[in-house]
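Below you'll find the structure, written out as structure tokens, and then a few comments.
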Amino acid sequence: MNRSSGYMPLLFFWLAGAAAGALVFFAACQSDEASLLADSQIMVNAVRTGQASGFLLFRYIFQRRFLTALALWLASMTQFGAPALNSAVFCWGMTNSCAVSAMTYLYGILGYPTAVAAGFPQNLIYLPVWVVFYFFCRSRDSRGIVRQSPYFLAVCVALLAGSFLEAYLNPWILEWTGQIFNIF
């Protein structure tokens, strides 16, 4: 197996999640459009009024990311590591697709740059974290917890940085993008 085909499961599960997310969003729009749009507007209004950033948001984001990372790290030392990682990547693709679908549904073609702005810059940190977990799952052994502990600490620092960017910098970028494209 060559190196580039080793990442194919990650890409496959992310794309499958993205397709499922678009279908879920489409089905939700057909059944209960008003509540879905109301949920999307809550975030838009929070960004508009400056209430979408701060320590509480940072703590919430880091807690969610850390618990997912801890579960994946512990699962990577068992036979359930690969299925757990594939499920997490599928869910990540699904949430990304739902966000892009919601933004394009609300704002048309201008929703694409807004959706990209919603994932920037924290996804520049989160993407390498997924690759690290991929290697955790491929190299499981009985001494995994001792050998992988320094790497997991580095992942935690990266998640801390990504959560900080997501809580403090991303709302500013999202607001700036909304002003440029006259969305918010």
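Chain identifiers are assigned as A, B, and so on, following the order in which chains appear in the structure tokens; residues are numbered from 1 within each chain, and ligands are numbered from 1 in order of appearance.
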Phe120 in chain A surroundings by only C-alpha atoms, 10 Å radius, close-in-sequence under 6 positions cut, as a PyMOL selection string:
chain A and resi 114+162+165-166+169-171+173-174
Those residues you just picked out, can you put them in a file as an mmCIF file, in the first residue's frame with C-alpha atoms?
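Listed below is the output, again25.cif:
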```cif
data_model
loop_
_atom_site.group_PDB
_atom_site.id
_atom_site.type_symbol
_atom_site.label_atom_id
_atom_site.label_comp_id
_atom_site.auth_asym_id
_atom_site.auth_seq_id
_atom_site.Cartn_x
_atom_site.Cartn_y
_atom_site.Cartn_z
ATOM 1 C CA THR A 114 -19.372 32.683 4.783
ATOM 2 C CA GLY A 162 -7.813 25.768 17.914
ATOM 3 C CA LEU A 165 -9.084 30.696 17.616
ATOM 4 C CA GLU A 166 -12.609 29.355 17.224
ATOM 5 C CA LEU A 169 -10.870 35.056 16.304
ATOM 6 C CA ASN A 170 -13.463 33.186 14.237
ATOM 7 C CA PRO A 171 -16.478 35.328 15.259
ATOM 8 C CA ILE A 173 -13.655 36.801 10.846
ATOM 9 C CA LEU A 174 -17.254 35.692 10.373
#
```
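Of the listed residues A:Ala75, A:Ala102, A:Leu70, A:Ala84, the one whose atoms come nearest to Ala28 in chain A is A:Ala102, with distances taken using only C-alpha atoms.
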When distances are computed from only C-alpha atoms, which of A:Leu72, A:Leu23, A:Leu85, A:Thr177 shows the smallest separation from Val116 in chain A?
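Ranked by minimum distance to Val116 in chain A, first place goes to A:Thr177.
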